[in-house]
file input-v7.cif (mmCIF, C-alpha atoms)
data_run
#
loop_
_atom_site.label_atom_id
_atom_site.label_comp_id
_atom_site.auth_asym_id
_atom_site.auth_seq_id
_atom_site.Cartn_x
_atom_site.Cartn_y
_atom_site.Cartn_z
CA MET V 881 17.84 -84.05 -36.73
CA LEU V 882 20.18 -82.22 -34.36
CA THR V 883 22.29 -83.32 -31.43
CA ILE V 884 21.96 -81.39 -28.20
CA GLY V 885 25.29 -79.69 -28.90
CA ARG V 886 24.24 -78.45 -32.34
CA LEU V 887 20.84 -77.35 -31.04
CA ALA V 888 22.45 -75.34 -28.24
CA ALA V 889 25.03 -73.77 -30.58
CA TYR V 890 22.38 -72.78 -33.14
CA VAL V 891 20.14 -71.09 -30.58
CA GLY V 892 23.01 -69.54 -28.63
CA VAL V 893 22.71 -71.29 -25.28
CA THR V 894 24.80 -73.85 -23.43
CA VAL V 895 24.16 -77.57 -23.38
CA ARG V 896 23.74 -77.19 -19.63
CA ALA V 897 20.94 -74.66 -20.20
CA VAL V 898 19.13 -77.07 -22.54
CA ARG V 899 19.28 -79.79 -19.91
CA HIS V 900 18.05 -77.34 -17.28
CA TYR V 901 15.05 -76.52 -19.48
CA HIS V 902 14.38 -80.24 -19.75
CA GLN V 903 14.41 -80.56 -15.95
CA ARG V 904 12.05 -77.58 -15.57
CA GLY V 905 9.65 -79.05 -18.09
CA LEU V 906 10.00 -76.16 -20.52
CA LEU V 907 11.53 -78.12 -23.39
CA ALA V 908 10.36 -81.56 -24.36
CA GLU V 909 13.08 -84.18 -24.02
CA PRO V 910 13.20 -86.44 -27.09
CA GLU V 911 13.77 -90.16 -26.94
CA ARG V 912 17.26 -91.49 -27.61
CA ASP V 913 18.02 -93.04 -30.98
CA ALA V 914 19.65 -96.41 -31.57
CA SER V 915 23.05 -94.86 -30.93
CA GLY V 916 21.96 -93.57 -27.54
CA TYR V 917 21.82 -89.90 -28.59
CA ARG V 918 18.88 -87.54 -28.28
CA ARG V 919 17.92 -85.98 -31.60
CA TYR V 920 16.06 -82.68 -31.81
CA ASP V 921 13.71 -81.61 -34.59
CA ALA V 922 12.63 -78.18 -35.90
CA GLN V 923 9.96 -77.79 -33.22
CA ALA V 924 12.64 -78.14 -30.57
CA VAL V 925 14.53 -75.28 -32.24
CA ILE V 926 11.40 -73.11 -32.24
CA ASP V 927 10.61 -73.89 -28.61
CA LEU V 928 14.16 -73.26 -27.44
CA ILE V 929 14.34 -69.93 -29.26
CA ARG V 930 11.09 -68.86 -27.60
CA ILE V 931 12.41 -69.89 -24.20
CA LYS V 932 15.68 -68.05 -24.69
CA THR V 933 13.98 -64.90 -26.01
CA LEU V 934 11.58 -64.72 -23.10
CA SER V 935 14.33 -65.50 -20.60
CA ASP V 936 16.58 -62.78 -22.05
CA ALA V 937 13.68 -60.35 -21.63
CA GLY V 938 13.68 -61.10 -17.91
CA VAL V 939 10.61 -63.34 -17.85
CA PRO V 940 10.84 -65.88 -14.98
CA LEU V 941 10.99 -69.53 -16.00
CA ALA V 942 7.71 -70.28 -14.22
CA ARG V 943 6.00 -67.60 -16.31
CA ILE V 944 7.66 -68.93 -19.48
CA ALA V 945 6.13 -72.33 -18.81
CA GLU V 946 2.68 -70.73 -18.67
CA LEU V 947 3.24 -68.79 -21.89
CA LEU V 948 4.43 -71.81 -23.84
CA ASP V 949 1.13 -73.54 -23.02
CA ALA V 950 -1.00 -70.47 -23.74
CA GLY V 951 -3.17 -70.03 -26.81
CA PRO V 952 -2.25 -67.56 -29.58
CA GLU V 953 -4.36 -64.70 -28.20
CA SER V 954 -3.16 -65.10 -24.63
CA PHE V 955 0.41 -65.40 -25.83
CA ALA V 956 0.06 -62.20 -27.90
CA ARG V 957 -1.36 -60.29 -24.92
CA ALA V 958 1.47 -61.51 -22.72
CA VAL V 959 4.06 -60.43 -25.29
CA THR V 960 2.49 -56.96 -25.38
CA GLU V 961 2.73 -56.73 -21.59
CA ILE V 962 6.35 -57.85 -21.70
CA ASP V 963 7.10 -55.24 -24.35
CA GLU V 964 5.54 -52.49 -22.21
CA ALA V 965 7.61 -53.62 -19.22
CA LEU V 966 10.75 -53.55 -21.36
CA THR V 967 9.90 -50.04 -22.55
CA THR V 968 9.65 -48.87 -18.93
CA ARG V 969 12.86 -50.67 -18.08
CA ILE V 970 14.69 -49.06 -21.00
CA ALA V 971 13.53 -45.61 -19.89
CA ASP V 972 14.78 -46.34 -16.36
CA LEU V 973 18.14 -47.48 -17.71
CA GLN V 974 18.44 -44.36 -19.85
CA ARG V 975 17.83 -42.20 -16.78
CA GLN V 976 20.43 -44.20 -14.88
CA ARG V 977 22.92 -43.75 -17.73
CA LYS V 978 22.35 -40.02 -17.60
CA ARG V 979 22.93 -39.98 -13.85
CA ILE V 980 26.09 -42.06 -14.21
CA ALA V 981 27.41 -39.65 -16.85
CA GLU V 982 26.70 -36.75 -14.50
CA LEU V 983 29.11 -38.24 -11.96
CA VAL V 984 31.92 -36.72 -14.04
CA GLY V 985 29.91 -33.59 -14.77
CA GLY V 986 30.87 -31.66 -11.65
CA ASP V 987 28.08 -29.97 -9.70
CA ARG V 988 25.29 -30.86 -12.12
CA LEU V 989 24.57 -34.08 -10.29
CA PHE V 990 23.81 -32.22 -7.07
CA LEU V 991 22.25 -28.92 -8.17
CA PRO V 992 19.76 -27.52 -10.71
CA PRO V 993 21.13 -25.80 -13.84
CA GLU V 994 20.32 -22.31 -12.55
CA VAL V 995 22.71 -22.84 -9.66
CA THR V 996 25.45 -24.51 -11.67
CA GLY V 997 25.25 -21.64 -14.15
CA TYR V 998 25.80 -19.18 -11.30
CA LEU V 999 28.74 -21.21 -9.97
CA ASP V 1000 30.24 -21.27 -13.47
CA ALA V 1001 29.94 -17.48 -13.57
CA LEU V 1002 31.88 -17.28 -10.30
CA ARG V 1003 34.65 -19.45 -11.71
CA ASP V 1004 34.80 -17.48 -14.95
CA ALA V 1005 35.16 -14.25 -12.96
CA GLY V 1006 38.14 -15.59 -11.04
CA VAL V 1007 36.53 -16.41 -7.70
CA SER V 1008 38.77 -18.78 -5.76
CA PRO V 1009 37.95 -22.50 -5.83
CA ARG V 1010 37.66 -22.35 -2.05
CA SER V 1011 34.90 -19.76 -2.15
CA VAL V 1012 33.13 -21.48 -5.03
CA ARG V 1013 33.13 -24.66 -3.00
CA LEU V 1014 31.66 -22.83 0.02
CA GLU V 1015 28.92 -21.37 -2.16
CA ARG V 1016 28.25 -24.74 -3.74
CA ASP V 1017 27.87 -26.39 -0.35
CA GLY V 1018 25.50 -23.63 0.74
CA TRP V 1019 23.39 -24.09 -2.39
CA ILE V 1020 23.22 -27.83 -1.80
CA MET V 1021 21.85 -27.16 1.69
CA LEU V 1022 19.37 -24.65 0.29
CA ALA V 1023 18.24 -27.01 -2.47
CA ALA V 1024 17.59 -29.72 0.10
CA ARG V 1025 15.65 -27.35 2.38
CA SER V 1026 13.74 -25.27 -0.19
CA PRO V 1027 13.83 -27.02 -3.59
CA GLU V 1028 10.90 -24.98 -4.88
CA ASP V 1029 12.67 -21.64 -4.21
CA VAL V 1030 16.30 -22.38 -4.99
CA ARG V 1031 15.98 -21.82 -8.75
CA VAL V 1032 14.51 -18.35 -8.21
CA TRP V 1033 17.24 -17.42 -5.72
CA ALA V 1034 19.93 -18.65 -8.11
CA LYS V 1035 18.59 -16.48 -10.93
CA GLU V 1036 18.58 -13.47 -8.62
CA LYS V 1037 22.16 -14.16 -7.53
CA GLN V 1038 23.29 -14.52 -11.12
CA ALA V 1039 21.64 -11.20 -12.00
CA MET V 1040 23.40 -9.54 -9.05
CA PHE V 1041 26.75 -10.99 -10.08
CA ALA V 1042 26.30 -9.60 -13.58
CA ASP V 1043 26.62 -6.11 -12.04
CA PRO V 1044 30.31 -5.10 -12.48
CA ASP V 1045 30.35 -3.18 -9.19
CA PHE V 1046 28.89 -6.09 -7.23
CA GLN V 1047 31.32 -8.46 -8.94
CA ARG V 1048 34.23 -6.21 -7.96
CA VAL V 1049 33.11 -6.20 -4.32
CA TYR V 1050 32.54 -9.96 -4.36
CA LEU V 1051 36.04 -10.62 -5.70
CA ALA V 1052 37.55 -8.24 -3.16
CA TYR V 1053 35.71 -10.01 -0.33
CA ASP V 1054 36.98 -13.35 -1.62
CA GLN V 1055 40.57 -12.07 -1.70
CA ALA V 1056 40.26 -10.40 1.71
CA ARG V 1057 39.99 -13.78 3.38
CA ASP V 1058 43.79 -13.99 3.65
CA TRP V 1059 44.53 -10.33 4.33
CA ASP V 1060 46.04 -9.11 7.56
CA PRO V 1061 43.23 -8.03 9.90
CA ALA V 1062 44.93 -4.62 10.14
CA ASP V 1063 45.00 -4.13 6.38
CA PRO V 1064 43.55 -0.65 5.63
CA ARG V 1065 41.83 -2.01 2.54
CA LEU V 1066 39.28 -3.65 4.82
CA GLU V 1067 37.91 -0.20 5.72
CA ARG V 1068 37.24 0.65 2.09
CA LEU V 1069 35.86 -2.79 1.36
CA ALA V 1070 33.45 -2.48 4.30
CA ASP V 1071 32.09 0.73 2.76
CA ASP V 1072 31.54 -1.05 -0.54
CA ILE V 1073 29.87 -4.06 1.05
CA VAL V 1074 27.46 -1.92 3.07
CA ALA V 1075 26.36 -0.27 -0.16
CA PHE V 1076 25.04 -3.64 -1.34
CA SER V 1077 23.49 -4.80 1.93
CA GLY V 1078 20.64 -3.86 4.26
CA SER V 1079 20.33 -3.41 7.98
CA GLY V 1080 18.35 -5.36 10.55
CA ASP V 1081 15.93 -3.92 13.05
CA ASP V 1082 18.74 -3.63 15.58
CA GLY V 1083 20.95 -1.69 13.16
CA SER V 1084 23.36 -4.57 12.65
CA TRP V 1085 24.68 -5.57 9.27
CA ALA V 1086 22.11 -7.92 7.78
CA THR V 1087 21.00 -9.44 4.51
CA ASP V 1088 17.90 -11.25 3.32
CA ASP V 1089 20.07 -13.48 1.15
CA PRO V 1090 19.19 -17.07 2.26
CA LEU V 1091 22.49 -18.34 0.86
CA ILE V 1092 24.54 -16.27 3.28
CA GLU V 1093 22.39 -17.43 6.18
CA THR V 1094 22.85 -21.03 5.16
CA LEU V 1095 26.59 -20.63 4.70
CA VAL V 1096 26.95 -19.15 8.14
CA ALA V 1097 24.95 -22.01 9.66
CA SER V 1098 26.54 -24.86 7.71
CA GLN V 1099 30.19 -23.80 7.47
CA PRO V 1100 31.45 -23.33 11.03
CA GLY V 1101 35.11 -22.37 11.19
CA SER V 1102 35.17 -21.14 7.58
CA SER V 1103 35.82 -17.53 8.60
CA THR V 1104 39.23 -15.90 9.10
CA PRO V 1105 40.52 -13.01 11.25
CA ALA V 1106 40.31 -10.68 8.25
CA TRP V 1107 36.73 -11.66 7.48
CA ASP V 1108 35.80 -11.37 11.15
CA ARG V 1109 37.11 -7.81 11.26
CA LEU V 1110 35.42 -6.98 7.98
CA ASN V 1111 32.09 -8.20 9.36
CA ARG V 1112 32.56 -6.05 12.48
CA LEU V 1113 33.35 -3.01 10.34
CA CYS V 1114 30.21 -3.60 8.29
CA THR V 1115 28.12 -3.93 11.47
CA GLU V 1116 29.58 -0.69 12.86
CA ARG V 1117 28.79 1.19 9.67
CA MET V 1118 25.23 -0.10 9.56
CA SER V 1119 24.73 0.80 13.23
CA GLY V 1120 25.84 4.36 12.54
CA ARG V 1121 23.31 4.89 9.78
#

call {"tool": "encode", "arguments": {"input": "input-v7.cif", "output": "structure tokens"}}
result
Amino acid sequence: MLTIGRLAAYVGVTVRAVRHYHQRGLLAEPERDASGYRRYDAQAVIDLIRIKTLSDAGVPLARIAELLDAGPESFARAVTEIDEALTTRIADLQRQRKRIAELVGGDRLFLPPEVTGYLDALRDAGVSPRSVRLERDGWIMLAARSPEDVRVWAKEKQAMFADPDFQRVYLAYDQARDWDPADPRLERLADDIVAFSGSGDDGSWATDDPLIETLVASQPGSSTPAWDRLNRLCTERMSGR
């Protein structure tokens, strides 16, 4: 026969927990012996292990009380249901672990892999962190607005950036942000940019790239005097076509 302390230690619970199970009617409370101590038998060990196992699985105490009184078939069915619930819970926890790990994974928490691959290509090519951040923010806005299209657009952008000439123009545009507005290189860069862009119905410099449209709309104040002049030069060239 076991004292309450030895019973609790063997099963891995506290003495307080055993007494709580007594109060809830889950575990039968034995009579005291001549010395005034309660002595627990093997059945008490079995019952307490069942209670602890079900409780650890997240089963409410009220439900545990029902299961302890259930017949073998009902108990087996209930255990199967609990196992299925645990399987779902484990899958949810695994997804949460993956999301938590992605918190230190840079942009992958916010964007699909096609976009993060494109952003990585920008970094590898030497695009400034400032411009990469602007692009990233634009892609986040696009992904929120058009999640079904953003993967296709990202693949197209990555294919464009694989073109050495386009990459050269992109890098030059990135660097031009801090140029003097009177820098003569802006004239040549405008010619290069126009070669990769289209014109609107009014003859102004335009593009059907949704990323650029989103960047313009979501990044007020991100331009500079050099970029402003470059945009005007591009518009003038497209108007003269």

call {"tool": "closest_residue", "arguments": {"input": "input-v7.cif", "among": "V:Gln1047, V:Ala1001, V:Glu953, V:Thr996", "to": "Ala1023 in chain V", "atoms": "all atoms listed in the file"}}
result
V:Thr996

call {"tool": "atom_distance", "arguments": {"input": "input-v7.cif", "atom1": "CA of Leu941 in chain V", "atom2": "CA of Arg975 in chain V"}}
result
28.2 Å

call {"tool": "closest_residue", "arguments": {"input": "input-v7.cif", "among": "V:Ala889, V:Val995, V:Ile1020, V:Ala965", "to": "Glu1036 in chain V", "atoms": "only C-alpha atoms"}}
result
V:Val995

call {"tool": "atom_distance", "arguments": {"input": "input-v7.cif", "atom1": "CA of Leu882 in chain V", "atom2": "CA of Leu948 in chain V"}}
result
21.6 Å

call {"tool": "closest_residue", "arguments": {"input": "input-v7.cif", "among": "V:Arg904, V:Arg1109, V:Arg886, V:Arg1003", "to": "Val925 in chain V", "atoms": "only C-alpha atoms"}}
result
V:Arg886

call {"tool": "resolve_selection", "arguments": {"input": "input-v7.cif", "expression": "the PyMOL selection byres ((chain V and resi 947) around 12)", "output": "list in words"}}
result
Leu906, Asp927, Arg930, Ile931, Leu934, Ser935, Val939, Pro940, Leu941, Ala942, Arg943, Ile944, Ala945, Glu946, Leu948, Asp949, Ala950, Gly951, Pro952, Glu953, Ser954, Phe955, Ala956, Arg957, Ala958, Val959 and Ile962 of chain V

call {"tool": "resolve_selection", "arguments": {"input": "input-v7.cif", "expression": "the PyMOL selection byres ((chain V and resi 1071) around 10)", "output": "list of chain:residue names"}}
result
V:Val1049, V:Leu1066, V:Glu1067, V:Arg1068, V:Leu1069, V:Ala1070, V:Asp1072, V:Ile1073, V:Val1074, V:Ala1075, V:Phe1076, V:Leu1110, V:Leu1113, V:Cys1114, V:Arg1117, V:Met1118

call {"tool": "atom_distance", "arguments": {"input": "input-v7.cif", "atom1": "CA of Arg1013 in chain V", "atom2": "CA of Tyr998 in chain V"}}
result
12.4 Å

call {"tool": "residues_around", "arguments": {"input": "input-v7.cif", "residues": "range 907-911 of chain V", "least_positions_apart": "5", "cutoff": "7 Å", "atoms": "only C-alpha atoms", "output": "MDAnalysis selection string"}}
result
chainID V and resid 901:902 918:920 927:928

call {"tool": "residues_around", "arguments": {"input": "input-v7.cif", "residues": "Tyr890 in chain V", "least_positions_apart": "2", "cutoff": "12 Å", "atoms": "only C-alpha atoms", "output": "list in words"}}
result
Leu882, Thr883, Ile884, Gly885, Arg886, Leu887, Ala888, Gly892, Val893, Thr894, Val895, Val898, Tyr920, Ala922, Ala924, Val925, Ile926, Leu928, Ile929 and Lys932 of chain V

call {"tool": "axis_aligned_box", "arguments": {"input": "input-v7.cif", "around": "range 1067-1071 of chain V", "padding_each_side": "6 Å", "output": "lines of an AutoDock Vina configuration file"}}
result
center_x = 35.0
center_y = -1.0
center_z = 3.5
size_x = 17.8
size_y = 15.5
size_z = 16.4

call {"tool": "closest_residue", "arguments": {"input": "input-v7.cif", "among": "V:Ala1056, V:Met881, V:Ala914, V:Ala971", "to": "Val1007 in chain V", "atoms": "only C-alpha atoms"}}
result
V:Ala1056

call {"tool": "resolve_selection", "arguments": {"input": "input-v7.cif", "expression": "the PyMOL selection byres ((chain V and resi 1005) around 10)", "output": "list in words"}}
result
Leu999, Asp1000, Ala1001, Leu1002, Arg1003, Asp1004, Gly1006, Val1007, Ser1008, Phe1041, Gln1047, Arg1048, Tyr1050 and Leu1051 of chain V

call {"tool": "closest_residue", "arguments": {"input": "input-v7.cif", "among": "V:Arg912, V:Arg899, V:Pro1009, V:Leu989", "to": "Gln976 in chain V", "atoms": "all atoms listed in the file"}}
result
V:Leu989

call {"tool": "closest_residue", "arguments": {"input": "input-v7.cif", "among": "V:Leu966, V:Leu1014, V:Leu991, V:Met1040", "to": "Asp1054 in chain V", "atoms": "all atoms listed in the file"}}
result
V:Leu1014

call {"tool": "build_atoms", "arguments": {"input": "input-v7.cif", "residues": "range 997-1031 of chain V", "atoms": "N, CA and C atoms", "output": "PDB file, keeping the file's coordinate frame"}}
result
ATOM      1  N   GLY V 997      24.908 -22.766 -13.289  1.00  0.00           N
ATOM      2  CA  GLY V 997      25.250 -21.640 -14.150  1.00  0.00           C
ATOM      3  C   GLY V 997      25.845 -20.486 -13.357  1.00  0.00           C
ATOM      4  N   TYR V 998      25.267 -20.226 -12.180  1.00  0.00           N
ATOM      5  CA  TYR V 998      25.800 -19.180 -11.300  1.00  0.00           C
ATOM      6  C   TYR V 998      27.201 -19.540 -10.819  1.00  0.00           C
ATOM      7  N   LEU V 999      27.413 -20.783 -10.429  1.00  0.00           N
ATOM      8  CA  LEU V 999      28.740 -21.210  -9.970  1.00  0.00           C
ATOM      9  C   LEU V 999      29.766 -21.105 -11.101  1.00  0.00           C
ATOM     10  N   ASP V1000      29.340 -21.421 -12.316  1.00  0.00           N
ATOM     11  CA  ASP V1000      30.240 -21.270 -13.470  1.00  0.00           C
ATOM     12  C   ASP V1000      30.623 -19.802 -13.671  1.00  0.00           C
ATOM     13  N   ALA V1001      29.655 -18.914 -13.445  1.00  0.00           N
ATOM     14  CA  ALA V1001      29.940 -17.480 -13.570  1.00  0.00           C
ATOM     15  C   ALA V1001      30.969 -17.048 -12.537  1.00  0.00           C
ATOM     16  N   LEU V1002      30.888 -17.596 -11.334  1.00  0.00           N
ATOM     17  CA  LEU V1002      31.880 -17.280 -10.300  1.00  0.00           C
ATOM     18  C   LEU V1002      33.276 -17.728 -10.749  1.00  0.00           C
ATOM     19  N   ARG V1003      33.352 -18.941 -11.259  1.00  0.00           N
ATOM     20  CA  ARG V1003      34.650 -19.450 -11.710  1.00  0.00           C
ATOM     21  C   ARG V1003      35.212 -18.600 -12.849  1.00  0.00           C
ATOM     22  N   ASP V1004      34.352 -18.266 -13.795  1.00  0.00           N
ATOM     23  CA  ASP V1004      34.800 -17.480 -14.950  1.00  0.00           C
ATOM     24  C   ASP V1004      35.317 -16.100 -14.512  1.00  0.00           C
ATOM     25  N   ALA V1005      34.750 -15.571 -13.429  1.00  0.00           N
ATOM     26  CA  ALA V1005      35.160 -14.250 -12.960  1.00  0.00           C
ATOM     27  C   ALA V1005      36.436 -14.283 -12.132  1.00  0.00           C
ATOM     28  N   GLY V1006      36.904 -15.486 -11.795  1.00  0.00           N
ATOM     29  CA  GLY V1006      38.140 -15.590 -11.040  1.00  0.00           C
ATOM     30  C   GLY V1006      37.963 -15.794  -9.548  1.00  0.00           C
ATOM     31  N   VAL V1007      36.743 -16.118  -9.110  1.00  0.00           N
ATOM     32  CA  VAL V1007      36.530 -16.410  -7.700  1.00  0.00           C
ATOM     33  C   VAL V1007      37.316 -17.661  -7.335  1.00  0.00           C
ATOM     34  N   SER V1008      37.912 -17.674  -6.165  1.00  0.00           N
ATOM     35  CA  SER V1008      38.770 -18.780  -5.760  1.00  0.00           C
ATOM     36  C   SER V1008      37.979 -20.082  -5.661  1.00  0.00           C
ATOM     37  N   PRO V1009      38.626 -21.212  -5.978  1.00  0.00           N
ATOM     38  CA  PRO V1009      37.950 -22.500  -5.830  1.00  0.00           C
ATOM     39  C   PRO V1009      37.410 -22.727  -4.428  1.00  0.00           C
ATOM     40  N   ARG V1010      38.114 -22.203  -3.437  1.00  0.00           N
ATOM     41  CA  ARG V1010      37.660 -22.350  -2.050  1.00  0.00           C
ATOM     42  C   ARG V1010      36.309 -21.689  -1.835  1.00  0.00           C
ATOM     43  N   SER V1011      36.160 -20.472  -2.332  1.00  0.00           N
ATOM     44  CA  SER V1011      34.900 -19.760  -2.150  1.00  0.00           C
ATOM     45  C   SER V1011      33.783 -20.371  -3.002  1.00  0.00           C
ATOM     46  N   VAL V1012      34.132 -20.820  -4.197  1.00  0.00           N
ATOM     47  CA  VAL V1012      33.130 -21.480  -5.030  1.00  0.00           C
ATOM     48  C   VAL V1012      32.625 -22.733  -4.337  1.00  0.00           C
ATOM     49  N   ARG V1013      33.538 -23.447  -3.710  1.00  0.00           N
ATOM     50  CA  ARG V1013      33.130 -24.660  -3.000  1.00  0.00           C
ATOM     51  C   ARG V1013      32.212 -24.329  -1.822  1.00  0.00           C
ATOM     52  N   LEU V1014      32.532 -23.244  -1.086  1.00  0.00           N
ATOM     53  CA  LEU V1014      31.660 -22.830   0.020  1.00  0.00           C
ATOM     54  C   LEU V1014      30.272 -22.473  -0.484  1.00  0.00           C
ATOM     55  N   GLU V1015      30.225 -21.729  -1.587  1.00  0.00           N
ATOM     56  CA  GLU V1015      28.920 -21.370  -2.160  1.00  0.00           C
ATOM     57  C   GLU V1015      28.172 -22.623  -2.603  1.00  0.00           C
ATOM     58  N   ARG V1016      28.891 -23.512  -3.275  1.00  0.00           N
ATOM     59  CA  ARG V1016      28.250 -24.740  -3.740  1.00  0.00           C
ATOM     60  C   ARG V1016      27.625 -25.514  -2.582  1.00  0.00           C
ATOM     61  N   ASP V1017      28.383 -25.655  -1.496  1.00  0.00           N
ATOM     62  CA  ASP V1017      27.870 -26.390  -0.350  1.00  0.00           C
ATOM     63  C   ASP V1017      26.634 -25.698   0.241  1.00  0.00           C
ATOM     64  N   GLY V1018      26.664 -24.366   0.259  1.00  0.00           N
ATOM     65  CA  GLY V1018      25.500 -23.630   0.740  1.00  0.00           C
ATOM     66  C   GLY V1018      24.296 -23.847  -0.154  1.00  0.00           C
ATOM     67  N   TRP V1019      24.501 -23.865  -1.456  1.00  0.00           N
ATOM     68  CA  TRP V1019      23.390 -24.090  -2.390  1.00  0.00           C
ATOM     69  C   TRP V1019      22.832 -25.495  -2.256  1.00  0.00           C
ATOM     70  N   ILE V1020      23.704 -26.464  -2.000  1.00  0.00           N
ATOM     71  CA  ILE V1020      23.220 -27.830  -1.800  1.00  0.00           C
ATOM     72  C   ILE V1020      22.290 -27.884  -0.593  1.00  0.00           C
ATOM     73  N   MET V1021      22.694 -27.197   0.492  1.00  0.00           N
ATOM     74  CA  MET V1021      21.850 -27.160   1.690  1.00  0.00           C
ATOM     75  C   MET V1021      20.521 -26.458   1.394  1.00  0.00           C
ATOM     76  N   LEU V1022      20.591 -25.373   0.634  1.00  0.00           N
ATOM     77  CA  LEU V1022      19.370 -24.650   0.290  1.00  0.00           C
ATOM     78  C   LEU V1022      18.447 -25.500  -0.584  1.00  0.00           C
ATOM     79  N   ALA V1023      19.046 -26.184  -1.561  1.00  0.00           N
ATOM     80  CA  ALA V1023      18.240 -27.010  -2.470  1.00  0.00           C
ATOM     81  C   ALA V1023      17.537 -28.123  -1.706  1.00  0.00           C
ATOM     82  N   ALA V1024      18.199 -28.652  -0.690  1.00  0.00           N
ATOM     83  CA  ALA V1024      17.590 -29.720   0.100  1.00  0.00           C
ATOM     84  C   ALA V1024      16.467 -29.176   0.990  1.00  0.00           C
ATOM     85  N   ARG V1025      16.630 -27.942   1.470  1.00  0.00           N
ATOM     86  CA  ARG V1025      15.650 -27.350   2.380  1.00  0.00           C
ATOM     87  C   ARG V1025      14.484 -26.696   1.643  1.00  0.00           C
ATOM     88  N   SER V1026      14.785 -26.032   0.528  1.00  0.00           N
ATOM     89  CA  SER V1026      13.740 -25.270  -0.190  1.00  0.00           C
ATOM     90  C   SER V1026      13.878 -25.502  -1.693  1.00  0.00           C
ATOM     91  N   PRO V1027      13.639 -26.725  -2.164  1.00  0.00           N
ATOM     92  CA  PRO V1027      13.830 -27.020  -3.590  1.00  0.00           C
ATOM     93  C   PRO V1027      12.960 -26.187  -4.512  1.00  0.00           C
ATOM     94  N   GLU V1028      11.803 -25.743  -4.022  1.00  0.00           N
ATOM     95  CA  GLU V1028      10.900 -24.980  -4.880  1.00  0.00           C
ATOM     96  C   GLU V1028      11.366 -23.536  -5.047  1.00  0.00           C
ATOM     97  N   ASP V1029      12.224 -23.039  -4.163  1.00  0.00           N
ATOM     98  CA  ASP V1029      12.670 -21.640  -4.210  1.00  0.00           C
ATOM     99  C   ASP V1029      14.080 -21.472  -4.749  1.00  0.00           C
ATOM    100  N   VAL V1030      14.872 -22.532  -4.728  1.00  0.00           N
ATOM    101  CA  VAL V1030      16.300 -22.380  -4.990  1.00  0.00           C
ATOM    102  C   VAL V1030      16.588 -21.887  -6.410  1.00  0.00           C
ATOM    103  N   ARG V1031      15.761 -22.269  -7.371  1.00  0.00           N
ATOM    104  CA  ARG V1031      15.980 -21.820  -8.750  1.00  0.00           C
ATOM    105  C   ARG V1031      15.776 -20.309  -8.872  1.00  0.00           C
TER     106      ARG V1031
END
